[in-house]
>>> print(open('data-v5.cif').read())   # mmCIF, C-alpha atoms
data_input
loop_
_atom_site.group_PDB
_atom_site.id
_atom_site.type_symbol
_atom_site.label_atom_id
_atom_site.label_comp_id
_atom_site.auth_asym_id
_atom_site.auth_seq_id
_atom_site.Cartn_x
_atom_site.Cartn_y
_atom_site.Cartn_z
ATOM 1 C CA MET A 1 10.472 -11.274 -10.113
ATOM 2 C CA THR A 2 11.658 -8.012 -8.636
ATOM 3 C CA ALA A 3 15.406 -7.343 -8.605
ATOM 4 C CA LEU A 4 15.181 -5.890 -5.084
ATOM 5 C CA ARG A 5 16.612 -7.870 -2.193
ATOM 6 C CA LEU A 6 13.874 -8.235 0.407
ATOM 7 C CA ASP A 7 15.432 -10.827 2.696
ATOM 8 C CA ASP A 8 15.477 -8.314 5.583
ATOM 9 C CA LEU A 9 12.038 -6.720 5.475
ATOM 10 C CA ARG A 10 12.561 -4.523 8.536
ATOM 11 C CA GLN A 11 15.217 -2.451 6.759
ATOM 12 C CA HIS A 12 12.478 -1.238 4.398
ATOM 13 C CA SER A 13 10.459 0.458 7.136
ATOM 14 C CA ASP A 14 9.781 4.165 6.699
ATOM 15 C CA LEU A 15 8.912 6.837 9.253
ATOM 16 C CA LEU A 16 6.160 9.148 8.037
ATOM 17 C CA ARG A 17 4.233 11.944 9.741
ATOM 18 C CA SER A 18 0.533 12.591 10.098
ATOM 19 C CA ARG A 19 -0.767 16.065 9.354
ATOM 20 C CA GLY A 20 -0.452 16.850 13.059
ATOM 21 C CA GLY A 21 3.152 15.639 13.194
ATOM 22 C CA GLU A 22 2.535 12.266 14.874
ATOM 23 C CA PRO A 23 5.081 9.610 13.801
ATOM 24 C CA VAL A 24 3.685 6.835 11.618
ATOM 25 C CA THR A 25 5.829 3.812 10.730
ATOM 26 C CA VAL A 26 5.129 1.936 7.503
ATOM 27 C CA ARG A 27 6.554 -1.570 7.405
ATOM 28 C CA PHE A 28 6.005 -4.870 5.691
ATOM 29 C CA VAL A 29 3.475 -7.212 7.279
ATOM 30 C CA GLU A 30 5.012 -10.262 8.939
ATOM 31 C CA PRO A 31 3.326 -13.560 9.938
ATOM 32 C CA GLU A 32 3.088 -12.538 13.598
ATOM 33 C CA ASP A 33 0.957 -9.539 12.570
ATOM 34 C CA GLY A 34 -1.927 -11.773 11.508
ATOM 35 C CA GLU A 35 -4.094 -11.413 14.609
ATOM 36 C CA ALA A 36 -3.647 -7.627 14.804
ATOM 37 C CA LEU A 37 -4.322 -7.231 11.087
ATOM 38 C CA GLN A 38 -7.517 -9.272 11.329
ATOM 39 C CA ALA A 39 -8.630 -7.148 14.296
ATOM 40 C CA TYR A 40 -7.914 -4.014 12.248
ATOM 41 C CA PHE A 41 -10.180 -5.148 9.403
ATOM 42 C CA ARG A 42 -12.941 -6.210 11.789
ATOM 43 C CA ALA A 43 -12.846 -2.753 13.414
ATOM 44 C CA LEU A 44 -13.306 -0.882 10.131
ATOM 45 C CA SER A 45 -16.776 0.471 9.487
ATOM 46 C CA VAL A 46 -19.003 -1.556 7.173
ATOM 47 C CA ARG A 47 -18.608 1.147 4.516
ATOM 48 C CA SER A 48 -14.809 1.226 4.790
ATOM 49 C CA ARG A 49 -14.554 -2.559 4.465
ATOM 50 C CA TYR A 50 -16.946 -2.484 1.503
ATOM 51 C CA ASN A 51 -14.859 0.186 -0.206
ATOM 52 C CA ARG A 52 -11.596 -1.637 0.515
ATOM 53 C CA PHE A 53 -12.691 -5.023 -0.802
ATOM 54 C CA LEU A 54 -15.200 -3.798 -3.406
ATOM 55 C CA GLY A 55 -17.965 -5.753 -1.738
ATOM 56 C CA ALA A 56 -19.403 -6.953 1.568
ATOM 57 C CA MET A 57 -16.892 -8.593 3.917
ATOM 58 C CA SER A 58 -16.733 -8.823 7.709
ATOM 59 C CA GLU A 59 -13.186 -10.178 7.993
ATOM 60 C CA LEU A 60 -10.422 -11.850 5.999
ATOM 61 C CA SER A 61 -10.766 -15.553 5.345
ATOM 62 C CA ASN A 62 -7.903 -17.736 6.587
ATOM 63 C CA THR A 63 -6.606 -17.998 3.022
ATOM 64 C CA GLU A 64 -6.743 -14.239 2.446
ATOM 65 C CA LEU A 65 -5.089 -13.564 5.796
ATOM 66 C CA ALA A 66 -2.266 -15.940 4.854
ATOM 67 C CA HIS A 67 -1.783 -14.024 1.597
ATOM 68 C CA PHE A 68 -1.550 -10.754 3.525
ATOM 69 C CA THR A 69 0.981 -12.070 6.032
ATOM 70 C CA HIS A 70 3.310 -13.909 3.628
ATOM 71 C CA THR A 71 4.936 -10.914 2.026
ATOM 72 C CA GLY A 72 6.633 -11.316 -1.332
ATOM 73 C CA GLU A 73 4.830 -14.387 -2.653
ATOM 74 C CA ASP A 74 4.208 -13.943 -6.397
ATOM 75 C CA ASP A 75 5.580 -10.393 -6.098
ATOM 76 C CA ARG A 76 2.674 -9.303 -3.909
ATOM 77 C CA PHE A 77 3.321 -7.391 -0.718
ATOM 78 C CA SER A 78 1.433 -6.017 2.268
ATOM 79 C CA VAL A 79 2.387 -3.106 4.489
ATOM 80 C CA ILE A 80 0.871 -1.651 7.629
ATOM 81 C CA ALA A 81 0.992 1.889 8.990
ATOM 82 C CA VAL A 82 1.412 1.774 12.761
ATOM 83 C CA MET A 83 1.359 4.398 15.509
ATOM 84 C CA THR A 84 1.853 4.232 19.254
ATOM 85 C CA VAL A 85 -1.562 4.970 20.752
ATOM 86 C CA ASP A 86 -1.813 5.008 24.566
ATOM 87 C CA GLY A 87 1.486 3.137 24.714
ATOM 88 C CA VAL A 88 0.394 0.360 22.337
ATOM 89 C CA GLU A 89 1.514 -0.196 18.723
ATOM 90 C CA THR A 90 -1.699 0.225 16.745
ATOM 91 C CA ILE A 91 -2.409 -0.391 13.061
ATOM 92 C CA VAL A 92 -3.967 2.762 11.610
ATOM 93 C CA GLY A 93 -3.752 1.850 7.919
ATOM 94 C CA GLU A 94 -2.693 -0.821 5.475
ATOM 95 C CA ALA A 95 -1.948 -1.348 1.817
ATOM 96 C CA ARG A 96 -1.430 -4.336 -0.433
ATOM 97 C CA PHE A 97 0.354 -4.077 -3.756
ATOM 98 C CA GLY A 98 1.631 -6.213 -6.565
ATOM 99 C CA PHE A 99 4.387 -5.632 -9.115
ATOM 100 C CA ASP A 100 4.103 -7.003 -12.651
ATOM 101 C CA ALA A 101 7.605 -7.113 -14.123
ATOM 102 C CA ALA A 102 6.264 -7.842 -17.608
ATOM 103 C CA THR A 103 4.305 -4.584 -17.806
ATOM 104 C CA LEU A 104 6.284 -2.642 -15.165
ATOM 105 C CA SER A 105 2.962 -1.950 -13.431
ATOM 106 C CA PHE A 106 2.390 -1.511 -9.699
ATOM 107 C CA GLU A 107 -1.200 -2.151 -8.591
ATOM 108 C CA PHE A 108 -2.358 -1.337 -5.077
ATOM 109 C CA GLY A 109 -5.274 -0.972 -2.678
ATOM 110 C CA LEU A 110 -5.280 0.675 0.736
ATOM 111 C CA SER A 111 -7.408 1.579 3.736
ATOM 112 C CA ILE A 112 -7.143 3.865 6.753
ATOM 113 C CA ASP A 113 -8.750 3.254 10.149
ATOM 114 C CA ASP A 114 -11.978 5.295 10.317
ATOM 115 C CA ARG A 115 -10.806 7.017 13.504
ATOM 116 C CA TRP A 116 -7.655 8.260 11.764
ATOM 117 C CA GLN A 117 -9.120 9.390 8.474
ATOM 118 C CA GLY A 118 -8.613 13.094 7.851
ATOM 119 C CA HIS A 119 -5.215 13.147 9.589
ATOM 120 C CA GLY A 120 -3.125 13.020 6.409
ATOM 121 C CA ILE A 121 -2.129 9.379 6.880
ATOM 122 C CA GLY A 122 -3.693 8.265 3.592
ATOM 123 C CA SER A 123 -1.740 10.909 1.653
ATOM 124 C CA ALA A 124 1.503 9.982 3.410
ATOM 125 C CA LEU A 125 0.949 6.264 2.783
ATOM 126 C CA LEU A 126 0.144 6.843 -0.878
ATOM 127 C CA ALA A 127 3.313 8.939 -1.314
ATOM 128 C CA ASN A 128 5.277 6.100 0.282
ATOM 129 C CA LEU A 129 3.748 3.613 -2.148
ATOM 130 C CA GLU A 130 4.986 5.812 -4.993
ATOM 131 C CA CYS A 131 8.521 5.485 -3.593
ATOM 132 C CA ARG A 132 8.169 1.721 -3.414
ATOM 133 C CA ALA A 133 6.794 1.555 -6.947
ATOM 134 C CA ALA A 134 9.718 3.611 -8.292
ATOM 135 C CA ALA A 135 12.196 1.376 -6.464
ATOM 136 C CA PHE A 136 10.634 -1.724 -8.005
ATOM 137 C CA GLY A 137 11.173 -0.166 -11.433
ATOM 138 C CA ALA A 138 7.503 0.440 -12.161
ATOM 139 C CA VAL A 139 6.514 2.999 -14.762
ATOM 140 C CA ARG A 140 2.804 2.860 -13.905
ATOM 141 C CA LEU A 141 1.057 3.022 -10.528
ATOM 142 C CA PHE A 142 -2.673 2.289 -10.443
ATOM 143 C CA GLY A 143 -5.643 1.106 -8.451
ATOM 144 C CA ASP A 144 -9.369 0.520 -8.867
ATOM 145 C CA THR A 145 -12.107 1.721 -6.554
ATOM 146 C CA LEU A 146 -15.871 1.996 -6.475
ATOM 147 C CA ARG A 147 -17.291 5.048 -8.211
ATOM 148 C CA SER A 148 -19.068 5.820 -4.929
ATOM 149 C CA ASN A 149 -15.820 5.882 -2.910
ATOM 150 C CA ASP A 150 -15.450 9.649 -2.686
ATOM 151 C CA VAL A 151 -12.664 9.437 -0.084
ATOM 152 C CA MET A 152 -10.311 7.328 -2.235
ATOM 153 C CA ILE A 153 -11.172 9.274 -5.377
ATOM 154 C CA GLY A 154 -10.442 12.549 -3.584
ATOM 155 C CA LEU A 155 -7.146 11.208 -2.232
ATOM 156 C CA ALA A 156 -6.045 9.995 -5.663
ATOM 157 C CA ARG A 157 -7.043 13.262 -7.323
ATOM 158 C CA LYS A 158 -5.107 15.283 -4.742
ATOM 159 C CA SER A 159 -2.081 13.050 -5.354
ATOM 160 C CA GLY A 160 -2.063 13.732 -9.095
ATOM 161 C CA PHE A 161 -3.637 10.561 -10.460
ATOM 162 C CA ALA A 162 -5.558 10.525 -13.743
ATOM 163 C CA PHE A 163 -8.927 8.748 -13.953
ATOM 164 C CA MET A 164 -10.397 6.367 -16.514
ATOM 165 C CA PRO A 165 -12.980 3.555 -16.652
ATOM 166 C CA SER A 166 -11.860 0.316 -15.049
ATOM 167 C CA PRO A 167 -11.696 -2.444 -17.688
ATOM 168 C CA GLY A 168 -14.581 -4.882 -17.421
ATOM 169 C CA ASP A 169 -16.538 -3.368 -14.520
ATOM 170 C CA TRP A 170 -18.690 -0.237 -14.865
ATOM 171 C CA LYS A 171 -19.037 0.064 -11.057
ATOM 172 C CA LEU A 172 -15.324 0.810 -10.724
ATOM 173 C CA VAL A 173 -13.081 3.680 -11.696
ATOM 174 C CA ARG A 174 -9.332 3.338 -12.269
ATOM 175 C CA PHE A 175 -6.830 5.935 -11.051
ATOM 176 C CA GLN A 176 -3.394 5.842 -12.610
ATOM 177 C CA LYS A 177 -0.115 7.735 -12.435
ATOM 178 C CA HIS A 178 2.984 7.588 -14.613
ATOM 179 C CA ILE A 179 6.272 7.126 -12.755
ATOM 180 C CA ASP A 180 9.498 8.493 -14.188
ATOM 181 C CA THR A 181 11.881 8.611 -11.238
ATOM 182 C CA ALA A 182 15.555 7.636 -11.369
ATOM 183 C CA PRO A 183 16.810 5.531 -8.421
ATOM 184 C CA GLN A 184 18.856 8.413 -6.993
ATOM 185 C CA ASP A 185 15.820 10.704 -7.085
ATOM 186 C CA ILE A 186 13.415 8.495 -5.085
ATOM 187 C CA PRO A 187 12.307 10.679 -2.136
ATOM 188 C CA CYS A 188 12.155 7.879 0.471
ATOM 189 C CA ALA A 189 15.620 7.087 1.849
ATOM 190 C CA SER A 190 15.275 3.323 2.370
ATOM 191 C CA TRP A 191 13.773 2.799 -1.077
ATOM 192 C CA ARG A 192 16.272 5.082 -2.802
ATOM 193 C CA LEU A 193 19.064 2.954 -1.325
ATOM 194 C CA ALA A 194 17.339 -0.312 -2.279
ATOM 195 C CA ALA A 195 16.812 0.867 -5.863
ATOM 196 C CA GLN A 196 20.409 2.029 -6.223
ATOM 197 C CA GLN A 197 21.703 -1.309 -4.939
ATOM 198 C CA ALA A 198 19.441 -3.209 -7.358
ATOM 199 C CA TRP A 199 20.560 -0.981 -10.237
ATOM 200 C CA HIS A 200 24.252 -1.563 -9.468
ATOM 201 C CA LEU A 201 23.726 -5.346 -9.233
ATOM 202 C CA ALA A 202 21.880 -5.362 -12.573
ATOM 203 C CA ALA A 203 24.642 -3.319 -14.213
ATOM 204 C CA ALA A 204 27.456 -5.496 -12.837
#
>>> encode(input="data-v5.cif", output="structure tokens")
Amino acid sequence: MTALRLDDLRQHSDLLRSRGGEPVTVRFVEPEDGEALQAYFRALSVRSRYNRFLGAMSELSNTELAHFTHTGEDDRFSVIAVMTVDGVETIVGEARFGFDAATLSFEFGLSIDDRWQGHGIGSALLANLECRAAAFGAVRLFGDTLRSNDVMIGLARKSGFAFMPSPGDWKLVRFQKHIDTAPQDIPCASWRLAAQQAWHLAAA
């Protein structure tokens, strides 16, 4: 289990910026987000859904949706990137990640709404995931994607990830990054504070 206190999920929201300067809020998914999150996945292009789930899928099953909306179960978490579009809070991206305390590994997958790809949101979200991974105490951040997913591969390469074969599946490639960031050096304010609090509790 993670040492971080996550009883108040809203305090771990972060304000990011798109390449054009538009504000993007990244926050944990909550149960009431289920309908909007399902609509987000349905609206993705067939190719984007295929890349995200490594296979054909039109929407999340009820079981999968429940996993997405019950943040923290088995140290797995979901976040959404939201923007105000025409006066309405709109999901423009999402990520799901898991922390393995035994190996100090942080595994993740993400997607960006097709209409908002190319606006720098994927890069900003990935940088935010690095902050969250460091706060959890991870030393390794990684994900798997299809070898044909040029967008995710390009994003990971630009963000400094190394590439290697994915164990057990030749269709996939793994991108991985070593994390060596002290709590006080985490570049995201809310996660720097959370990590410092967890460190002080562990040292007490």
>>> closest_residue(input="data-v5.cif", among="A:Arg5, A:His12, A:Arg19, A:Arg52", to="Leu146 (chain A)", atoms="all atoms listed in the file")
A:Arg52
>>> closest_residue(input="data-v5.cif", among="A:Phe53, A:Phe142, A:Phe68, A:Phe99", to="Gly34 (chain A)", atoms="all atoms listed in the file")
A:Phe68
>>> residues_around(input="data-v5.cif", residues="region 134-138 of chain A", least_positions_apart="2", cutoff="7 Å", atoms="all atoms listed in the file", output="CSV table (one decimal) with C-alpha atoms, in the coordinates of the input")
chain,number,residue,atom,x,y,z
A,2,THR,CA,11.7,-8.0,-8.6
A,4,LEU,CA,15.2,-5.9,-5.1
A,104,LEU,CA,6.3,-2.6,-15.2
A,105,SER,CA,3.0,-2.0,-13.4
A,106,PHE,CA,2.4,-1.5,-9.7
A,130,GLU,CA,5.0,5.8,-5.0
A,131,CYS,CA,8.5,5.5,-3.6
A,132,ARG,CA,8.2,1.7,-3.4
A,140,ARG,CA,2.8,2.9,-13.9
A,179,ILE,CA,6.3,7.1,-12.8
A,181,THR,CA,11.9,8.6,-11.2
A,183,PRO,CA,16.8,5.5,-8.4
A,186,ILE,CA,13.4,8.5,-5.1
A,191,TRP,CA,13.8,2.8,-1.1
A,192,ARG,CA,16.3,5.1,-2.8
A,194,ALA,CA,17.3,-0.3,-2.3
A,195,ALA,CA,16.8,0.9,-5.9
>>> atom_distance(input="data-v5.cif", atom1="CA of Gln117 (chain A)", atom2="CA of Thr25 (chain A)")
16.1 Å
>>> closest_residue(input="data-v5.cif", among="A:Arg42, A:Lys171, A:Arg17, A:Arg27", to="Ser61 (chain A)", atoms="all atoms listed in the file")
A:Arg42
>>> residues_around(input="data-v5.cif", residues="Ala162 (chain A)", least_positions_apart="2", cutoff="8 Å", atoms="only C-alpha atoms", output="JSON, numbers by chain")
{"A": [157, 160, 164, 175, 176, 177]}
>>> closest_residue(input="data-v5.cif", among="A:Glu94, A:Glu59, A:Asp7, A:Glu73", to="Val24 (chain A)", atoms="all atoms listed in the file")
A:Glu94
>>> atom_distance(input="data-v5.cif", atom1="CA of Val79 (chain A)", atom2="CA of Ala95 (chain A)")
5.4 Å
>>> resolve_selection(input="data-v5.cif", expression="the PyMOL selection byres ((chain A and resi 107) around 6)", output="list in words")
Phe97, Gly98, Phe106, Phe108, Leu141, Phe142 and Gly143 of chain A
>>> closest_residue(input="data-v5.cif", among="A:Asp180, A:Leu155, A:Trp116, A:Ile121", to="Ala133 (chain A)", atoms="only C-alpha atoms")
A:Asp180
